[in-house]
Amino acid sequence: MLIEPIYGIPVRLIALDTSVDGAKMCQMGIRFSTEMLHETVKSKLAYLLKTLGKNDSDLIQDN
């Protein structure tokens, strides 16, 4: 899935336990400015986040 242009600010980066298959994994929190995102980008990003999180609630919120 191509989502562009997308602008965000990383707000959190957490290293996860790498004991499983020596994988290097992390979790990242990113804050997106809804004012800087085109409506098409917003809808694609919302779809991606809902698919990854299997969550029916809105993940993009104006805070």
# chains A, B, ... in the order shown; residues from 1 in each chain; ligands from 1
$ select_by_dssp --residues "chain A" --states "alpha helix (DSSP H)" --output "ChimeraX atom specification"
/A:39-53
$ residues_around --residues "Lys44 (chain A)" --least-positions-apart "6" --cutoff "9 Å" --atoms "only C-alpha atoms" --output "VMD selection string"
chain A and resid 1 to 3
$ closest_residue --among "A:Met28, A:Leu37, A:Ala23, A:Leu45" --to "Tyr7 (chain A)" --atoms "only C-alpha atoms"
A:Leu37
$ atom_distance --atom1 "CA of Pro10 (chain A)" --atom2 "CA of Thr40 (chain A)"
21.6 Å
$ select_by_dssp --residues "region 4-62 of chain A" --states "strand (DSSP E)" --output "ChimeraX atom specification"
/A:8-15,26-32
$ closest_residue --among "A:Leu52, A:Leu16, A:Ala46, A:Val41" --to "Glu4 (chain A)" --atoms "only C-alpha atoms"
A:Val41
